[in-house]
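Novice: Just one file: coords-v8.cif, with mmCIF, C-alpha atoms.
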```
data_protein
#
loop_
_atom_site.label_atom_id
_atom_site.label_comp_id
_atom_site.auth_asym_id
_atom_site.auth_seq_id
_atom_site.Cartn_x
_atom_site.Cartn_y
_atom_site.Cartn_z
CA MET A 1 153.11 122.28 131.37
CA ASN A 2 151.47 125.32 132.92
CA GLY A 3 152.46 127.56 130.00
CA ALA A 4 150.98 130.65 128.44
CA HIS A 5 149.25 128.50 125.82
CA ASP A 6 146.89 127.16 128.50
CA CYS A 7 144.84 130.34 128.52
CA GLY A 8 141.23 129.25 129.09
CA GLY A 9 139.70 131.74 131.53
CA MET A 10 142.60 134.23 131.47
CA MET A 11 141.58 137.86 131.39
CA GLY A 12 142.78 141.12 129.94
CA PHE A 13 143.33 140.26 126.28
CA GLY A 14 140.60 142.60 125.09
CA PRO A 15 137.98 142.09 122.41
CA VAL A 16 138.14 139.48 119.67
CA ALA A 17 139.62 141.14 116.58
CA ARG A 18 137.68 139.97 113.56
CA GLU A 19 138.59 140.74 109.99
CA GLU A 20 136.17 140.82 107.07
CA ASN A 21 137.14 138.72 104.06
CA GLU A 22 140.21 137.49 105.86
CA PRO A 23 142.85 135.88 103.61
CA VAL A 24 144.07 132.37 104.49
CA PHE A 25 147.58 133.76 104.96
CA HIS A 26 148.43 137.37 105.81
CA ALA A 27 151.94 137.40 104.37
CA PRO A 28 153.96 135.13 102.09
CA TRP A 29 156.15 134.03 105.02
CA GLU A 30 153.09 132.70 106.84
CA ALA A 31 152.19 130.55 103.85
CA ARG A 32 155.77 129.29 103.52
CA MET A 33 155.92 128.54 107.27
CA PHE A 34 152.67 126.61 107.12
CA ALA A 35 153.91 124.55 104.18
CA LEU A 36 157.39 124.01 105.64
CA MET A 37 156.04 122.68 108.92
CA SER A 38 153.63 120.36 107.11
CA ALA A 39 156.25 119.06 104.68
CA VAL A 40 159.14 118.63 107.10
CA GLY A 41 156.75 116.98 109.56
CA ASP A 42 156.40 114.16 107.02
CA VAL A 43 160.11 113.32 107.28
CA GLY A 44 161.18 114.75 110.64
CA GLY A 45 160.32 111.72 112.75
CA TRP A 46 158.31 113.63 115.35
CA THR A 47 154.67 113.29 116.32
CA LEU A 48 151.89 115.87 116.23
CA ASP A 49 151.95 115.88 120.05
CA GLU A 50 155.66 116.63 120.06
CA ASP A 51 155.00 119.40 117.55
CA ARG A 52 152.37 121.00 119.81
CA SER A 53 154.66 120.60 122.80
CA ALA A 54 157.51 122.37 120.95
CA CYS A 55 155.26 125.25 119.86
CA GLU A 56 154.00 125.83 123.41
CA SER A 57 157.49 125.63 124.97
CA MET A 58 158.16 129.31 124.21
CA ARG A 59 158.69 131.55 127.21
CA PRO A 60 155.24 132.79 128.28
CA GLY A 61 155.88 136.43 127.42
CA ASP A 62 157.16 135.49 123.99
CA TYR A 63 154.25 133.14 123.34
CA ILE A 64 151.67 135.77 124.14
CA ASN A 65 153.35 138.47 122.07
CA THR A 66 153.88 136.43 118.92
CA SER A 67 151.52 135.23 116.24
CA TYR A 68 150.43 131.71 115.42
CA TYR A 69 152.97 131.05 112.67
CA GLU A 70 155.78 132.39 114.84
CA HIS A 71 154.85 129.64 117.29
CA TRP A 72 155.21 127.21 114.38
CA LEU A 73 158.59 128.69 113.45
CA HIS A 74 159.79 128.27 117.02
CA GLY A 75 158.44 124.71 117.02
CA ALA A 76 160.13 123.81 113.73
CA GLU A 77 163.49 125.25 114.76
CA THR A 78 163.28 123.40 118.08
CA LEU A 79 162.33 120.05 116.58
CA LEU A 80 164.93 120.15 113.79
CA GLN A 81 167.67 120.54 116.38
CA LYS A 82 166.22 118.05 118.82
CA HIS A 83 165.92 115.38 116.15
CA GLY A 84 169.38 116.04 114.75
CA LEU A 85 168.20 117.25 111.36
CA ALA A 86 169.87 120.66 111.57
CA THR A 87 172.09 122.67 113.89
CA LEU A 88 171.36 126.10 115.30
CA ASP A 89 174.13 127.60 113.14
CA GLU A 90 172.55 126.09 110.04
CA ILE A 91 169.13 127.42 110.99
CA ARG A 92 170.54 130.91 111.57
CA SER A 93 172.57 130.98 108.35
CA GLY A 94 170.15 129.09 106.14
CA ARG A 95 173.11 127.09 104.77
CA ALA A 96 173.87 123.41 105.31
CA ALA A 97 177.14 122.76 107.16
CA THR A 98 176.60 119.17 108.22
CA PRO A 99 175.53 116.10 106.23
CA ALA A 100 171.77 115.76 105.72
CA ARG A 101 169.84 112.75 106.90
CA PRO A 102 168.82 110.74 103.84
CA VAL A 103 165.03 111.03 103.57
CA THR A 104 162.53 111.13 100.73
CA PRO A 105 160.67 114.44 100.85
CA THR A 106 156.97 114.54 100.06
CA SER A 107 156.60 115.28 96.35
CA ALA A 108 154.14 117.74 94.86
CA ALA A 109 152.07 114.83 93.56
CA ALA A 110 151.94 113.23 97.01
CA VAL A 111 150.56 116.29 98.81
CA TRP A 112 146.86 115.80 98.08
CA PRO A 113 146.83 112.08 98.98
CA ALA A 114 148.75 112.89 102.17
CA VAL A 115 146.53 115.71 103.41
CA THR A 116 143.27 113.90 102.61
CA ALA A 117 144.29 110.42 103.80
CA HIS A 118 141.90 108.75 106.24
CA GLY A 119 143.80 108.83 109.50
CA SER A 120 142.91 107.78 113.01
CA TYR A 121 144.23 108.36 116.49
CA GLN A 122 142.13 105.53 117.86
CA ARG A 123 144.04 102.43 118.92
CA LYS A 124 143.22 99.03 120.33
CA ALA A 125 142.48 99.31 124.04
CA SER A 126 144.64 97.20 126.32
CA VAL A 127 142.29 97.49 129.29
CA PRO A 128 138.51 97.88 129.63
CA ALA A 129 137.11 101.39 129.94
CA ARG A 130 136.78 102.56 133.52
CA PHE A 131 133.94 104.97 132.78
CA ARG A 132 130.88 105.08 130.60
CA PRO A 133 128.41 107.76 129.55
CA GLY A 134 126.36 108.93 132.51
CA ASP A 135 129.17 108.44 135.04
CA MET A 136 130.20 111.39 137.17
CA ILE A 137 133.94 111.95 137.44
CA ARG A 138 136.35 114.39 139.00
CA THR A 139 139.32 115.59 137.00
CA ARG A 140 142.61 115.09 138.78
CA ASN A 141 144.46 118.05 140.20
CA ILE A 142 147.72 117.46 138.36
CA HIS A 143 150.36 119.87 137.12
CA PRO A 144 152.74 117.97 134.84
CA GLU A 145 155.84 119.89 133.80
CA THR A 146 155.59 118.27 130.38
CA HIS A 147 152.91 118.37 127.69
CA THR A 148 149.34 117.66 128.75
CA ARG A 149 145.89 118.30 127.30
CA LEU A 150 144.07 118.74 130.60
CA PRO A 151 143.58 122.52 130.73
CA ARG A 152 144.24 124.24 134.06
CA TYR A 153 140.72 125.62 134.30
CA LEU A 154 139.32 122.08 134.27
CA ARG A 155 141.50 120.52 136.98
CA GLY A 156 139.90 119.21 140.17
CA GLN A 157 136.41 119.66 138.74
CA VAL A 158 133.33 117.46 138.71
CA GLY A 159 131.88 116.52 135.34
CA GLU A 160 129.73 113.97 133.56
CA VAL A 161 130.91 111.53 130.93
CA ILE A 162 128.73 112.07 127.86
CA ALA A 163 130.65 110.07 125.23
CA SER A 164 133.40 107.51 124.96
CA HIS A 165 135.66 107.57 121.90
CA GLY A 166 137.63 104.38 122.48
CA ALA A 167 141.33 104.38 123.29
CA HIS A 168 143.29 107.20 121.65
CA VAL A 169 146.97 108.05 121.42
CA PHE A 170 147.89 109.67 124.77
CA PRO A 171 149.58 113.05 124.17
CA ASP A 172 151.20 113.23 127.61
CA SER A 173 153.25 110.18 126.67
CA ASN A 174 153.55 110.62 122.91
CA ALA A 175 154.80 114.21 123.14
CA ARG A 176 157.94 113.20 124.99
CA GLY A 177 158.94 110.10 123.10
CA GLY A 178 157.17 107.72 125.49
CA GLY A 179 155.18 106.04 122.73
CA GLU A 180 151.49 106.23 121.96
CA ASN A 181 150.42 104.53 125.21
CA PRO A 182 146.72 104.58 124.15
CA GLN A 183 144.22 105.55 126.84
CA TRP A 184 140.43 105.76 126.88
CA LEU A 185 139.16 109.12 125.71
CA TYR A 186 135.87 110.62 126.86
CA THR A 187 133.89 113.78 126.27
CA ILE A 188 133.23 115.32 129.67
CA ARG A 189 130.49 117.86 130.35
CA PHE A 190 131.06 120.48 133.05
CA LYS A 191 128.67 123.09 134.38
CA ALA A 192 130.00 126.58 133.76
CA SER A 193 128.62 127.55 137.18
CA ASP A 194 130.87 124.92 138.84
CA ILE A 195 133.95 126.02 136.92
CA TRP A 196 133.61 129.77 137.34
CA GLY A 197 131.65 129.99 140.59
CA ARG A 198 128.90 132.16 139.27
CA GLU A 199 125.39 131.59 138.13
CA SER A 200 125.10 130.27 134.60
CA ARG A 201 123.02 127.76 132.71
CA ASP A 202 125.81 127.12 130.22
CA LEU A 203 127.89 123.98 129.74
CA ILE A 204 131.54 123.40 128.89
CA HIS A 205 132.84 120.24 127.27
CA ALA A 206 136.32 118.85 126.83
CA ASP A 207 137.78 115.61 125.49
CA LEU A 208 139.82 114.09 128.29
CA TRP A 209 141.83 110.89 128.64
CA GLU A 210 141.22 108.40 131.45
CA PRO A 211 144.47 109.18 133.34
CA TYR A 212 143.13 112.72 133.86
CA LEU A 213 140.02 111.38 135.61
CA GLU A 214 139.05 109.74 138.87
CA ALA A 215 135.71 108.31 139.99
CA ARG A 216 133.73 110.80 141.94
CA MET B 1 153.36 144.59 119.24
CA PRO B 2 149.57 144.15 119.07
CA HIS B 3 148.40 141.87 121.84
CA ASP B 4 145.90 140.05 119.67
CA GLY B 5 148.73 138.28 117.90
CA HIS B 6 147.52 139.71 114.65
CA HIS B 7 150.43 140.79 112.53
CA HIS B 8 150.62 142.18 109.08
CA ASP B 9 154.08 141.79 107.68
CA HIS B 10 154.46 143.36 104.34
CA ASP B 11 157.30 141.52 102.75
CA GLU B 12 156.33 142.30 99.18
CA GLY B 13 158.91 145.08 99.06
CA SER B 14 162.65 144.72 98.81
CA GLU B 15 163.09 144.66 102.58
CA LEU B 16 161.96 141.48 104.24
CA SER B 17 160.87 141.56 107.88
CA PRO B 18 163.09 139.72 110.36
CA LEU B 19 160.47 136.99 110.56
CA ALA B 20 160.24 136.63 106.81
CA LEU B 21 164.03 136.38 106.71
CA ARG B 22 164.06 133.64 109.34
CA VAL B 23 161.47 131.64 107.42
CA LYS B 24 163.35 132.21 104.16
CA ALA B 25 166.56 130.92 105.77
CA LEU B 26 164.70 127.90 107.08
CA GLU B 27 163.28 127.12 103.67
CA SER B 28 166.69 127.46 101.99
CA LEU B 29 168.20 125.10 104.53
CA LEU B 30 165.46 122.48 104.33
CA VAL B 31 165.55 122.51 100.53
CA GLU B 32 169.36 122.28 100.47
CA LYS B 33 169.24 119.36 102.91
CA GLY B 34 166.69 117.59 100.77
CA TYR B 35 164.03 117.50 103.50
CA VAL B 36 161.37 119.38 101.55
CA ASP B 37 160.49 119.73 97.88
CA PRO B 38 159.77 123.40 97.00
CA GLU B 39 157.09 122.37 94.52
CA ALA B 40 155.32 120.44 97.27
CA LEU B 41 155.33 123.61 99.39
CA ASP B 42 153.58 125.49 96.58
CA VAL B 43 150.99 122.73 96.29
CA LEU B 44 150.39 122.70 100.05
CA ILE B 45 149.74 126.44 100.06
CA ASP B 46 147.45 126.27 97.04
CA THR B 47 145.55 123.36 98.59
CA TYR B 48 144.57 125.33 101.68
CA GLU B 49 144.11 128.63 99.83
CA THR B 50 141.85 127.32 97.09
CA LYS B 51 140.72 123.72 97.63
CA ILE B 52 140.11 123.00 101.32
CA GLY B 53 137.97 125.67 102.98
CA PRO B 54 134.58 126.47 104.52
CA ARG B 55 132.67 125.80 101.30
CA ASN B 56 133.20 122.11 102.14
CA GLY B 57 131.53 122.50 105.51
CA ALA B 58 128.73 124.53 103.95
CA ARG B 59 127.94 121.59 101.70
CA VAL B 60 127.78 119.28 104.73
CA VAL B 61 125.37 121.63 106.52
CA ALA B 62 123.19 122.16 103.43
CA LYS B 63 122.89 118.42 102.94
CA ALA B 64 122.00 117.95 106.61
CA TRP B 65 119.24 120.55 106.22
CA ALA B 66 117.89 119.07 103.01
CA ASP B 67 118.25 115.36 103.72
CA PRO B 68 116.98 114.02 107.08
CA GLU B 69 118.65 110.68 106.48
CA PHE B 70 122.02 112.38 106.05
CA ALA B 71 121.36 114.51 109.15
CA GLY B 72 120.72 111.32 111.12
CA TRP B 73 123.96 109.80 109.85
CA LEU B 74 125.81 112.98 110.76
CA LYS B 75 124.46 112.73 114.32
CA ARG B 76 125.44 109.08 114.66
CA ASP B 77 128.78 109.06 112.83
CA ALA B 78 129.89 112.44 111.54
CA THR B 79 133.29 111.14 110.42
CA ALA B 80 131.71 108.66 107.99
CA ALA B 81 128.92 110.97 106.87
CA ILE B 82 131.37 113.78 106.08
CA ALA B 83 133.78 111.37 104.38
CA SER B 84 130.93 110.29 102.09
CA LEU B 85 131.10 113.80 100.59
CA GLY B 86 134.84 113.44 100.06
CA TYR B 87 136.05 115.51 103.02
CA THR B 88 138.69 113.55 104.87
CA GLY B 89 142.20 113.98 106.16
CA ARG B 90 144.40 115.99 108.45
CA GLN B 91 142.72 117.59 111.43
CA GLY B 92 139.43 115.94 110.59
CA GLU B 93 140.15 112.35 111.56
CA HIS B 94 137.42 112.16 114.23
CA MET B 95 134.44 114.39 113.54
CA VAL B 96 131.44 115.23 115.72
CA ALA B 97 128.52 117.35 114.47
CA LEU B 98 126.81 119.65 116.98
CA PHE B 99 123.25 120.56 116.00
CA ASN B 100 121.95 123.91 117.18
CA THR B 101 118.33 123.84 118.32
CA PRO B 102 115.88 126.35 119.75
CA GLU B 103 117.13 125.23 123.19
CA THR B 104 120.89 125.04 122.61
CA HIS B 105 123.59 127.06 120.91
CA ASN B 106 126.94 125.34 120.34
CA MET B 107 130.28 127.08 120.02
CA VAL B 108 133.75 125.61 119.46
CA VAL B 109 137.14 126.72 120.77
CA CYS B 110 140.59 125.29 121.35
CA THR B 111 141.93 126.96 124.49
CA LEU B 112 145.26 125.08 124.37
CA CYS B 113 146.24 125.70 120.75
CA SER B 114 144.11 126.11 117.64
CA CYS B 115 142.51 122.75 116.86
CA TYR B 116 140.02 123.22 114.03
CA PRO B 117 138.37 120.86 111.52
CA TRP B 118 140.54 121.54 108.46
CA PRO B 119 138.85 119.24 105.91
CA VAL B 120 135.51 121.04 106.31
CA LEU B 121 136.55 124.57 107.34
CA GLY B 122 140.10 124.97 106.01
CA LEU B 123 142.68 126.76 108.16
CA PRO B 124 141.35 128.82 111.07
CA PRO B 125 141.00 132.61 111.02
CA VAL B 126 143.47 134.64 113.09
CA TRP B 127 140.93 135.47 115.80
CA TYR B 128 140.32 131.76 116.44
CA LYS B 129 144.04 131.26 117.11
CA ALA B 130 144.56 134.41 119.15
CA MET B 131 144.41 134.85 122.93
CA PRO B 132 141.20 136.92 123.27
CA TYR B 133 138.96 134.23 121.78
CA ARG B 134 140.80 131.28 123.30
CA SER B 135 140.83 132.78 126.79
CA ARG B 136 137.31 134.19 126.83
CA ALA B 137 135.17 131.64 124.96
CA VAL B 138 135.04 129.34 127.98
CA ILE B 139 134.50 131.94 130.71
CA GLU B 140 132.25 134.47 128.99
CA PRO B 141 130.85 132.83 125.86
CA ARG B 142 127.78 135.03 125.70
CA GLN B 143 129.81 138.23 125.75
CA VAL B 144 132.08 136.85 123.03
CA LEU B 145 129.05 135.88 120.97
CA SER B 146 127.58 139.34 121.34
CA GLU B 147 130.79 140.79 119.90
CA PHE B 148 130.12 138.61 116.88
CA GLY B 149 126.61 140.04 116.72
CA VAL B 150 125.02 136.86 118.06
CA SER B 151 122.59 137.42 120.89
CA VAL B 152 121.62 134.19 122.63
CA PRO B 153 118.45 134.50 124.73
CA GLU B 154 118.78 133.59 128.41
CA THR B 155 116.36 130.73 127.85
CA ARG B 156 118.79 129.10 125.46
CA GLU B 157 121.74 127.11 126.79
CA VAL B 158 125.21 127.82 125.41
CA ARG B 159 127.33 124.71 125.03
CA VAL B 160 131.04 125.39 124.62
CA TRP B 161 133.27 122.65 123.21
CA ASP B 162 136.98 122.90 124.02
CA SER B 163 138.84 120.82 121.41
CA THR B 164 141.41 119.25 123.71
CA ALA B 165 141.93 115.96 121.80
CA GLU B 166 141.85 114.86 118.15
CA VAL B 167 138.04 115.04 118.00
CA ARG B 168 137.00 117.95 115.80
CA TYR B 169 133.64 119.70 116.05
CA LEU B 170 131.41 121.12 113.31
CA VAL B 171 128.41 123.19 114.36
CA ILE B 172 125.26 122.64 112.29
CA PRO B 173 123.42 125.97 112.52
CA GLU B 174 119.64 126.11 112.48
CA ARG B 175 118.10 126.23 109.03
CA PRO B 176 116.68 129.67 108.31
CA ALA B 177 112.94 129.95 107.89
CA GLY B 178 111.63 130.60 104.42
CA THR B 179 113.99 128.20 102.67
CA GLU B 180 111.51 125.38 102.08
CA GLY B 181 112.15 123.67 98.80
CA TRP B 182 115.58 125.23 98.28
CA SER B 183 118.26 123.12 96.62
CA GLU B 184 121.38 122.11 98.53
CA GLU B 185 123.39 124.53 96.37
CA GLN B 186 121.10 127.42 97.32
CA LEU B 187 121.13 126.43 100.99
CA ALA B 188 124.93 126.20 101.06
CA GLU B 189 125.11 129.89 100.14
CA LEU B 190 123.51 130.72 103.51
CA VAL B 191 126.11 128.83 105.55
CA THR B 192 128.95 131.02 106.80
CA ARG B 193 132.24 129.87 108.27
CA ASP B 194 131.39 131.47 111.61
CA SER B 195 128.02 129.71 111.75
CA MET B 196 129.91 126.39 111.65
CA ILE B 197 132.22 127.46 114.52
CA GLY B 198 129.19 128.67 116.45
CA THR B 199 130.18 132.34 116.48
CA GLY B 200 127.61 133.17 113.83
CA LEU B 201 124.21 132.14 112.53
CA ALA B 202 123.23 131.08 109.04
CA LYS B 203 122.36 133.99 106.75
CA GLN B 204 118.69 134.81 106.35
CA PRO B 205 117.33 134.40 102.82
#
```
Would you encode the structure as structure tokens?
Specialist:
Amino acid sequence: MNGAHDCGGMMGFGPVAREENEPVFHAPWEARMFALMSAVGDVGGWTLDEDRSACESMRPGDYINTSYYEHWLHGAETLLQKHGLATLDEIRSGRAATPARPVTPTSAAAVWPAVTAHGSYQRKASVPARFRPGDMIRTRNIHPETHTRLPRYLRGQVGEVIASHGAHVFPDSNARGGGENPQWLYTIRFKASDIWGRESRDLIHADLWEPYLEAR
Amino acid sequence: MPHDGHHHDHDEGSELSPLALRVKALESLLVEKGYVDPEALDVLIDTYETKIGPRNGARVVAKAWADPEFAGWLKRDATAAIASLGYTGRQGEHMVALFNTPETHNMVVCTLCSCYPWPVLGLPPVWYKAMPYRSRAVIEPRQVLSEFGVSVPETREVRVWDSTAEVRYLVIPERPAGTEGWSEEQLAELVTRDSMIGTGLAKQP
């Protein structure tokens, strides 16, 4: 989706605002929001891709004018309703009015094992890789209305495959309930001069799935 | 509203901000429904405030500086090398280490959201998640670096890495001169969070 989240190359946001000795959370509600999203994600039945898709589905003006954990709050409220875990009235009132889905919440003792567990998004490939390191590719000029991880600024561009990571869960499918549909994932190197049309010796890299790419 | 997305809500007082109230309502509901355990929430917060943070990454870098064999492993298979130090888990499932050299300076961004290697760096700072850095790092990396006080000579290539998948990047800054014979513990003290994102350099001894 061509949303406000896809901001690579946008202009006008001003300087980067750094903060010395920045705390992990800037207010108690941020910490609670972080923990709530993590904990309910364990039982909600949605995927990380669906989570990202929900957070970036805010109206562009709202997305730009709100902070990171407000995006999470929007995402959590969206997903709870979509997956039938809570109604909008319940979310607004903070009181349960419908029966809960029976789930086992993550216990305090299970947090550390859960957050440090060895995970992987790599899956068995169903087809051979179409590209290998050294190949030149062109990214497809596509504009899906649903979640994608091919940024706008890298569409229709020539790049070089510099690494292959095997087949990984494909967000474009997984974010909308279409299953993991694993696809080959590559690191692609682009010349900044090609992307921005001005002289530069710098390089830009992105990790892109095979359906985003065509042979050059 | 500040356009850097950087908010300071002071909800310590008796009046909670509208946002704090919304989150409070959400927590009450999720606890009442039995979807979350409040004690688990406390543990999650404590985990990322006190246990998982950039000191982990600093240990990885210090070991890479001190131990060529480990550095080689990190280049070949960063996920396994980092896991050997006990740093595994969410948002660090597939790790790649980027070694800065006299010819190349690496810098990491996530233009689409805020992907960041949690097991080695903890949760990202606000600037990493906000629009100015995300929008500008790919189009004017050198200007962004200069705002961080990092001046990259024209002869040195800047390599920007946009974290668009589940691969997470850790920059290995150059080892400062004058640290020959230092222990890994001493070396780790020179490794800043920003130097592992690529928006800083290691501290000079």
Novice: Please evaluate the PyMOL selection byres ((chain A) within 7 of (chain B)) against the displayed coordinates and give the resulting residues as a short mmCIF file (atom, residue, chain, number, x, y, z; two decimals) with C-alpha atoms, keeping the file's coordinate frame.
Specialist:
```cif
data_model
loop_
_atom_site.label_atom_id
_atom_site.label_comp_id
_atom_site.auth_asym_id
_atom_site.auth_seq_id
_atom_site.Cartn_x
_atom_site.Cartn_y
_atom_site.Cartn_z
CA HIS A 5 149.25 128.50 125.82
CA ASP A 6 146.89 127.16 128.50
CA CYS A 7 144.84 130.34 128.52
CA GLY A 8 141.23 129.25 129.09
CA GLY A 9 139.70 131.74 131.53
CA MET A 10 142.60 134.23 131.47
CA MET A 11 141.58 137.86 131.39
CA PHE A 13 143.33 140.26 126.28
CA GLY A 14 140.60 142.60 125.09
CA PRO A 15 137.98 142.09 122.41
CA VAL A 16 138.14 139.48 119.67
CA ALA A 17 139.62 141.14 116.58
CA ARG A 18 137.68 139.97 113.56
CA VAL A 24 144.07 132.37 104.49
CA HIS A 26 148.43 137.37 105.81
CA ALA A 27 151.94 137.40 104.37
CA TRP A 29 156.15 134.03 105.02
CA ALA A 31 152.19 130.55 103.85
CA MET A 33 155.92 128.54 107.27
CA ALA A 35 153.91 124.55 104.18
CA LEU A 36 157.39 124.01 105.64
CA ALA A 39 156.25 119.06 104.68
CA VAL A 40 159.14 118.63 107.10
CA VAL A 43 160.11 113.32 107.28
CA ASN A 65 153.35 138.47 122.07
CA THR A 66 153.88 136.43 118.92
CA SER A 67 151.52 135.23 116.24
CA TYR A 68 150.43 131.71 115.42
CA ILE A 91 169.13 127.42 110.99
CA SER A 93 172.57 130.98 108.35
CA GLY A 94 170.15 129.09 106.14
CA ARG A 95 173.11 127.09 104.77
CA ALA A 96 173.87 123.41 105.31
CA ALA A 100 171.77 115.76 105.72
CA VAL A 103 165.03 111.03 103.57
CA PRO A 105 160.67 114.44 100.85
CA THR A 106 156.97 114.54 100.06
CA SER A 107 156.60 115.28 96.35
CA ALA A 108 154.14 117.74 94.86
CA VAL A 111 150.56 116.29 98.81
CA VAL A 115 146.53 115.71 103.41
CA THR A 116 143.27 113.90 102.61
CA ALA A 117 144.29 110.42 103.80
CA HIS A 118 141.90 108.75 106.24
CA GLY A 119 143.80 108.83 109.50
CA SER A 120 142.91 107.78 113.01
CA ARG A 149 145.89 118.30 127.30
CA ARG A 201 123.02 127.76 132.71
CA ASP A 202 125.81 127.12 130.22
CA LEU A 203 127.89 123.98 129.74
CA ILE A 204 131.54 123.40 128.89
CA HIS A 205 132.84 120.24 127.27
CA ALA A 206 136.32 118.85 126.83
CA ASP A 207 137.78 115.61 125.49
#
```
Novice: Written as JSON, numbers by chain, what is the full residue list that the PyMOL selection byres ((chain B and resi 179) around 10) yields on the file shown?
Specialist: {"B": [65, 66, 175, 176, 177, 178, 180, 181, 182, 183, 186, 187, 190, 204, 205]}
Novice: What is the CA of Ser146 in chain B-CA of Glu199 in chain A distance in Å, reported with one decimal?
Specialist: 18.6 Å
Novice: What does the distance between CA of Glu50 in chain A and CA of Arg176 in chain A come to in Å, to one decimal place?
Specialist: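 These two atoms are separated by 6.4 Å.
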Novice: At what distance in Å, to one decimal, does CA of Lys63 in chain B lie from CA of Asp194 in chain B?
Specialist: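 A separation of 17.8 Å between them.
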Novice: Assuming the chain letters and numbering stay as they are in my file, what does the PyMOL selection byres ((chain A and resi 169) around 12) actually select? List them as a ChimeraX atom specification.
Specialist: /A:47-49,120-125,149,165-168,170-175,178-185,208-210 /B:165-167
Novice: Find, counting only C-alpha atoms, the residue in A:Met1, A:Ala215, A:Ala76, A:Ala163 that gets nearest to Asp51 in chain A.
Specialist: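 Going through A:Met1, A:Ala215, A:Ala76, A:Ala163 one by one, the smallest distance to Asp51 in chain A is for A:Ala76.
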Novice: If you take every atom of range 17-34 of chain B that the file lists and fit an axis-aligned box around them with 3 Å extra on each side, what centre and edge lengths come out in Å to one decimal, as JSON?
Specialist:
```
{"center_x": 164.8, "center_y": 129.6, "center_z": 105.5, "size_x": 15.1, "size_y": 30.0, "size_z": 16.1}
```
Novice: Show me, as a ChimeraX atom specification, the residues that have an atom within 8 Å of Tyr69 in chain A when counting all atoms listed in the file, minus same-chain residues fewer than 4 positions from it.
Specialist: /A:30,33-34,73
Novice: Extract range 156-168 of chain B from the coordinates I pasted, and write it as a PDB file, in the first residue's frame (atoms kept: N, CA and C atoms).
Specialist:
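The resulting part-v1.pdb:
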```
ATOM      1  N   ARG B 156      35.428   7.708   0.787  1.00  0.00           N
ATOM      2  CA  ARG B 156      34.860   6.527   1.443  1.00  0.00           C
ATOM      3  C   ARG B 156      33.406   6.362   1.005  1.00  0.00           C
ATOM      4  N   GLU B 157      33.049   5.129   0.649  1.00  0.00           N
ATOM      5  CA  GLU B 157      31.704   4.826   0.165  1.00  0.00           C
ATOM      6  C   GLU B 157      30.752   4.668   1.346  1.00  0.00           C
ATOM      7  N   VAL B 158      29.571   5.242   1.243  1.00  0.00           N
ATOM      8  CA  VAL B 158      28.543   4.999   2.261  1.00  0.00           C
ATOM      9  C   VAL B 158      27.620   3.905   1.734  1.00  0.00           C
ATOM     10  N   ARG B 159      27.421   2.891   2.535  1.00  0.00           N
ATOM     11  CA  ARG B 159      26.508   1.806   2.176  1.00  0.00           C
ATOM     12  C   ARG B 159      25.317   1.841   3.132  1.00  0.00           C
ATOM     13  N   VAL B 160      24.165   2.139   2.585  1.00  0.00           N
ATOM     14  CA  VAL B 160      22.940   2.204   3.383  1.00  0.00           C
ATOM     15  C   VAL B 160      22.219   0.872   3.255  1.00  0.00           C
ATOM     16  N   TRP B 161      21.698   0.372   4.368  1.00  0.00           N
ATOM     17  CA  TRP B 161      20.988  -0.905   4.381  1.00  0.00           C
ATOM     18  C   TRP B 161      19.576  -0.665   4.886  1.00  0.00           C
ATOM     19  N   ASP B 162      18.598  -0.817   3.985  1.00  0.00           N
ATOM     20  CA  ASP B 162      17.191  -0.618   4.332  1.00  0.00           C
ATOM     21  C   ASP B 162      16.629  -1.980   4.747  1.00  0.00           C
ATOM     22  N   SER B 163      16.246  -2.089   6.017  1.00  0.00           N
ATOM     23  CA  SER B 163      15.815  -3.386   6.580  1.00  0.00           C
ATOM     24  C   SER B 163      14.377  -3.690   6.163  1.00  0.00           C
ATOM     25  N   THR B 164      14.212  -4.210   4.953  1.00  0.00           N
ATOM     26  CA  THR B 164      12.870  -4.411   4.428  1.00  0.00           C
ATOM     27  C   THR B 164      12.314  -5.805   4.706  1.00  0.00           C
ATOM     28  N   ALA B 165      13.167  -6.740   5.177  1.00  0.00           N
ATOM     29  CA  ALA B 165      12.687  -8.107   5.458  1.00  0.00           C
ATOM     30  C   ALA B 165      12.986  -8.449   6.917  1.00  0.00           C
ATOM     31  N   GLU B 166      13.131  -9.728   7.230  1.00  0.00           N
ATOM     32  CA  GLU B 166      13.420 -10.115   8.619  1.00  0.00           C
ATOM     33  C   GLU B 166      14.918 -10.296   8.851  1.00  0.00           C
ATOM     34  N   VAL B 167      15.741  -9.836   7.933  1.00  0.00           N
ATOM     35  CA  VAL B 167      17.187  -9.817   8.145  1.00  0.00           C
ATOM     36  C   VAL B 167      17.494  -8.551   8.937  1.00  0.00           C
ATOM     37  N   ARG B 168      18.288  -8.685   9.990  1.00  0.00           N
ATOM     38  CA  ARG B 168      18.626  -7.535  10.821  1.00  0.00           C
ATOM     39  C   ARG B 168      20.132  -7.295  10.754  1.00  0.00           C
TER      40      ARG B 168
END
```
